[in-house]
Amino acid sequence: MNITAKYLTKVFPGGVYALDGFSAEIKHGSVVAVLGESGCGKTTLLRILSGLEKPTAGELYFDGVLFKDVPIKQRDTAVVFQEYILYPKMTVWENVATALGRYELPREEEERRVHEVLTELELIKFKNQLPRYLSGGQQQRVALARAIVRDPSLLLFDEPLSNLAEEQRNDYIKLILKVKQRLPRTTFVYVTHNPREAMAIGDHLLIMSEGKCIQFGEKERVWKYPYSADVLRTISTDIREVSGDFENGVLTDVAGEIYPFKGVDYKGPATLIYNPYDGYSPCLFDEKGNALTGEHEICYFDGEFDGKTLTFCGAEYSADEDFAMRFFGGLGKVKVGIKSIHIGFKPRYGTIKIKATRIGNGNVFDICGARAELFGADAFDGYLYIDPADIELYDKNHVRTLAHYRVYKESCAARAGGGKIKLACGTLDRDGVSGSVNVSFNRRAVITPVKKGGIRVTCLDEEDLGGEKLVYCLLKDFRRYVVFYAHPSDRFLGVRKLRVNVDPKGIDLR
């Protein structure tokens with residue numbers, strides 16, 4: 001199963017962000033270890049993937065289908081929780097068999113599957129035991145057996161080793177890797193706060209902080225090229241740091257010792273961290289913790305977009321509805337921006353194919369004049385592949401023109417009369433209409449904050465786009481968020497309720 005998360009936001013009562021613009025693309029059959037400190041949003045992400053929670057905003061796709069359009073019974077997802085959650089009055093066999101109950105399999109097939117899984121997980125001799133007679137490690141194996149007996153497309157793990165002793169943890173990690181060999185087509189998402197577990201299990205690392213994905217990629221790439229000091233601190237507890245001032249290619253610490261770096265054009269406070277995963281090589285970070293060394297650049301290409309077809313690097317992409325509804329720029333010439341970590345060597349459904357040249361025998365490639373260091377070069381066939389979801393579009397001034405969220409045109413029933421339109425979220429000024437109307441806001445609806453009157457909105461997010469500010473809001477009786485334009489000087493950021501006025505030209509009635 002391919003999973004695409006686009007700026008997922010989850011806000012709990014009191015304005016607490018559990019997820020804040022979370023985005024990631026998890027590929028079919030991969031093993032992704034989600035790593036981060038307690039409270040960073042890991043468990044909320046897992047609950048949204050499993051369907052136990054709904055995001056406040058943003059979009060989630062399973063194999064290209066919008067998550068909300070996939071019925072729960074068809075999501076083909078299994079979860080192994082931190083707590084074992086076994087039926088206490090059922091035997092091991094019966095606990096595992098319950099996962100197959102709704103599939104109405106022939107009795108012989110059900111028995112074959114349960115027997116096969118229990119044998120593989122070394123539980124067959126306990127098949128007639130009740131859970132209370134098993135050790136913690138054995139109960140967790142039963143929970144795993146129940147999750148995999150139906151061969152799910154997506155298998156989620158919520159810190160399953162937290163209640164196990166160290167020796168049992170090592171055995172369970174080996175067991176998970178063994179299960180992955182049995183289910184090569186299943187996508188694994190493993191949530192943990194333990195770097196050692198993440199490194200042992202994941203082939204990809206997804207690092208989270210404060211509800212955001214701060215880095216995601218192949219395990220080797222993440223530890224070799226950390227985007228920030230927070231990434232390196234999250235993936236390792238065995239690091240040594242040196243802080244000081246950086247100028248003219250030299251870091252000077254408080255004791256006067258100097259550490260030279262070549263090719264770094266920066267002046268100001270900096271931190272040096274020795275990376276234990278890369279032979280303790282030095283990584284340099286600025287005062288905000290952003291990497292000054294390493295490789296994480298964006299490749300830019302000249303292109304054209306007419307609203308339907310995006311052309312660049314000799315390739316053509318027929319834009320789907322999602323892509324077209326996020327575009328807010330002027331049609332014609334555009335800049336196509338793609339992070340090098342999102343450029344792959346293998347074609348997948350819907351990917352864009354572009355020709356490239358390998359420079360020398362290493363991992364550096366020339367892509368239409370742009371140079372990028374890419375991993376996995378052994379699979380290079382003369383072409384590279386890009387997922388449209390990873391594309392950003394910019395105008396000639398490098399102003400981004402592709403919005404975070406798909407822009408919906410939602411409507412709400414209202415009453416009109418006396419120069420007012422009365423909505424559940426407030427009133428709008430609009431002369432010349434009366435009776436029952438449906439109100440919607442078009443893409444160019446402009447809002448300004450007011451103290452009284454207007455409509456009441458809850459701000460979810462905002463972004464500068466095309467030289468203007470887009471504000472994503474929730475309105476009562478509107479099923480999805482609504483997008484408005486705001487003057488760049490108006491402050492809307494944060495989850496808070498406020499009243500706004502809408503320019504009547506941005507109101508559509510029917």
# chains A, B, ... in the order shown; residues from 1 in each chain; ligands from 1
call {"tool": "residues_around", "arguments": {"residues": "Ile343 of chain A", "least_positions_apart": "3", "cutoff": "8 Å", "atoms": "only C-alpha atoms", "output": "number ranges by chain"}}
result
A: 338-340, 374, 384-387
call {"tool": "write_last_selection", "arguments": {"atoms": "N, CA and C atoms", "output": "short mmCIF file (atom, residue, chain, number, x, y, z; two decimals), in the first residue's frame"}}
result
data_model
loop_
_atom_site.label_atom_id
_atom_site.label_comp_id
_atom_site.auth_asym_id
_atom_site.auth_seq_id
_atom_site.Cartn_x
_atom_site.Cartn_y
_atom_site.Cartn_z
N ILE A 338 12.05 20.21 -7.09
CA ILE A 338 11.93 18.86 -6.55
C ILE A 338 13.12 18.59 -5.65
N LYS A 339 12.88 18.19 -4.42
CA LYS A 339 13.98 17.82 -3.52
C LYS A 339 14.65 16.56 -4.05
N SER A 340 15.97 16.56 -3.99
CA SER A 340 16.71 15.42 -4.54
C SER A 340 16.34 14.11 -3.85
N LEU A 374 22.36 11.17 -5.51
CA LEU A 374 21.23 10.28 -5.26
C LEU A 374 21.73 8.92 -4.82
N LEU A 384 15.26 8.74 -14.47
CA LEU A 384 14.89 8.94 -13.08
C LEU A 384 13.38 9.17 -13.01
N TYR A 385 12.81 8.98 -11.82
CA TYR A 385 11.36 8.98 -11.70
C TYR A 385 10.92 9.89 -10.55
N ILE A 386 9.87 10.67 -10.80
CA ILE A 386 9.39 11.68 -9.85
C ILE A 386 7.89 11.49 -9.64
N ASP A 387 7.49 11.48 -8.38
CA ASP A 387 6.06 11.42 -8.04
C ASP A 387 5.50 12.84 -8.12
#
call {"tool": "residues_around", "arguments": {"residues": "segment 226-234 of chain A", "least_positions_apart": "4", "cutoff": "6 Å", "atoms": "only C-alpha atoms", "output": "PyMOL selection string"}}
result
chain A and resi 222+289-291
call {"tool": "closest_atom_pairs", "arguments": {"of": "segment 121-207 of chain A", "to": "segment 61-65 of chain A", "cutoff": "12 Å", "atoms": "only C-alpha atoms", "output": "CSV"}}
result
residue,atom,partner,partner_atom,distance
A:Ser153,CA,A:Phe62,CA,10.1
A:Leu154,CA,A:Phe62,CA,9.7
A:Thr187,CA,A:Phe62,CA,11.2
call {"tool": "write_last_selection", "arguments": {"atoms": "all heavy atoms", "output": "PDB file, in the first residue's frame"}}
result
ATOM      1  N   SER A 153      -2.622  -5.128   4.019  1.00  0.00           N
ATOM      2  CA  SER A 153      -1.812  -4.275   3.135  1.00  0.00           C
ATOM      3  C   SER A 153      -0.983  -3.276   3.929  1.00  0.00           C
ATOM      4  O   SER A 153       0.063  -2.826   3.462  1.00  0.00           O
ATOM      5  CB  SER A 153      -2.725  -3.522   2.158  1.00  0.00           C
ATOM      6  OG  SER A 153      -3.407  -4.404   1.323  1.00  0.00           O
ATOM      7  N   LEU A 154      -1.469  -2.910   5.123  1.00  0.00           N
ATOM      8  CA  LEU A 154      -0.767  -1.949   5.988  1.00  0.00           C
ATOM      9  C   LEU A 154      -0.755  -2.503   7.403  1.00  0.00           C
ATOM     10  O   LEU A 154      -1.800  -2.832   7.955  1.00  0.00           O
ATOM     11  CB  LEU A 154      -1.467  -0.591   5.962  1.00  0.00           C
ATOM     12  CG  LEU A 154      -0.934   0.485   6.925  1.00  0.00           C
ATOM     13  CD1 LEU A 154       0.519   0.833   6.605  1.00  0.00           C
ATOM     14  CD2 LEU A 154      -1.798   1.742   6.859  1.00  0.00           C
ATOM     15  N   THR A 187       3.033  -2.912   3.726  1.00  0.00           N
ATOM     16  CA  THR A 187       3.743  -1.726   4.205  1.00  0.00           C
ATOM     17  C   THR A 187       3.714  -1.730   5.730  1.00  0.00           C
ATOM     18  O   THR A 187       2.651  -1.846   6.334  1.00  0.00           O
ATOM     19  CB  THR A 187       3.072  -0.449   3.673  1.00  0.00           C
ATOM     20  OG1 THR A 187       3.055  -0.496   2.240  1.00  0.00           O
ATOM     21  CG2 THR A 187       3.832   0.794   4.125  1.00  0.00           C
TER      22      THR A 187
END
call {"tool": "residues_around", "arguments": {"residues": "segment 118-121 of chain A", "least_positions_apart": "4", "cutoff": "12 Å", "atoms": "only C-alpha atoms", "output": "VMD selection string"}}
result
chain A and resid 92 to 97 111 to 114 125 to 128 137 to 149 171 to 172 174 to 179 181 to 182
call {"tool": "residues_around", "arguments": {"residues": "Pro269 of chain A", "least_positions_apart": "5", "cutoff": "10 Å", "atoms": "only C-alpha atoms", "output": "list in words"}}
result
Ser243, Gly244, Asp245, Phe246, Glu247, Leu251, Thr252, Asp253, Phe285, Asp286, Glu287 and Lys288 of chain A
call {"tool": "write_last_selection", "arguments": {"atoms": "N, CA, C and O atoms", "output": "JSON list (two decimals), in the first residue's frame"}}
result
[["chain", "number", "residue", "atom", "x", "y", "z"],
["A", 243, "SER", "N", 29.92, 24.10, 20.52],
["A", 243, "SER", "CA", 29.27, 25.34, 20.11],
["A", 243, "SER", "C", 30.27, 26.49, 20.10],
["A", 243, "SER", "O", 31.24, 26.49, 20.86],
["A", 244, "GLY", "N", 30.01, 27.46, 19.23],
["A", 244, "GLY", "CA", 30.89, 28.62, 19.15],
["A", 244, "GLY", "C", 30.43, 29.56, 18.06],
["A", 244, "GLY", "O", 29.27, 29.53, 17.63],
["A", 245, "ASP", "N", 31.34, 30.40, 17.59],
["A", 245, "ASP", "CA", 31.04, 31.35, 16.51],
["A", 245, "ASP", "C", 31.75, 30.90, 15.24],
["A", 245, "ASP", "O", 32.92, 30.50, 15.27],
["A", 246, "PHE", "N", 31.03, 31.01, 14.12],
["A", 246, "PHE", "CA", 31.59, 30.58, 12.83],
["A", 246, "PHE", "C", 31.82, 31.81, 11.95],
["A", 246, "PHE", "O", 30.95, 32.65, 11.79],
["A", 247, "GLU", "N", 33.01, 31.90, 11.37],
["A", 247, "GLU", "CA", 33.35, 33.00, 10.47],
["A", 247, "GLU", "C", 34.56, 32.59, 9.65],
["A", 247, "GLU", "O", 35.48, 31.94, 10.16],
["A", 251, "LEU", "N", 35.05, 27.44, 12.91],
["A", 251, "LEU", "CA", 34.27, 27.50, 14.14],
["A", 251, "LEU", "C", 35.23, 27.65, 15.32],
["A", 251, "LEU", "O", 36.16, 26.85, 15.48],
["A", 252, "THR", "N", 35.02, 28.67, 16.14],
["A", 252, "THR", "CA", 35.85, 28.90, 17.32],
["A", 252, "THR", "C", 35.01, 28.74, 18.56],
["A", 252, "THR", "O", 33.99, 29.43, 18.73],
["A", 253, "ASP", "N", 35.39, 27.77, 19.45],
["A", 253, "ASP", "CA", 34.59, 27.54, 20.64],
["A", 253, "ASP", "C", 35.01, 28.48, 21.76],
["A", 253, "ASP", "O", 35.90, 29.34, 21.60],
["A", 285, "PHE", "N", 25.85, 23.09, 12.09],
["A", 285, "PHE", "CA", 24.49, 23.62, 12.08],
["A", 285, "PHE", "C", 24.50, 25.08, 12.49],
["A", 285, "PHE", "O", 25.32, 25.49, 13.33],
["A", 286, "ASP", "N", 23.60, 25.88, 11.90],
["A", 286, "ASP", "CA", 23.54, 27.29, 12.24],
["A", 286, "ASP", "C", 22.82, 27.49, 13.58],
["A", 286, "ASP", "O", 22.45, 26.52, 14.25],
["A", 287, "GLU", "N", 22.59, 28.75, 13.97],
["A", 287, "GLU", "CA", 22.02, 29.02, 15.28],
["A", 287, "GLU", "C", 20.59, 28.52, 15.43],
["A", 287, "GLU", "O", 20.09, 28.33, 16.54],
["A", 288, "LYS", "N", 19.88, 28.27, 14.30],
["A", 288, "LYS", "CA", 18.54, 27.73, 14.36],
["A", 288, "LYS", "C", 18.53, 26.21, 14.27],
["A", 288, "LYS", "O", 17.46, 25.59, 14.29]]
call {"tool": "atom_distance", "arguments": {"atom1": "atom CA of Gly29 of chain A", "atom2": "atom CA of Phe188 of chain A"}}
result
7.2 Å
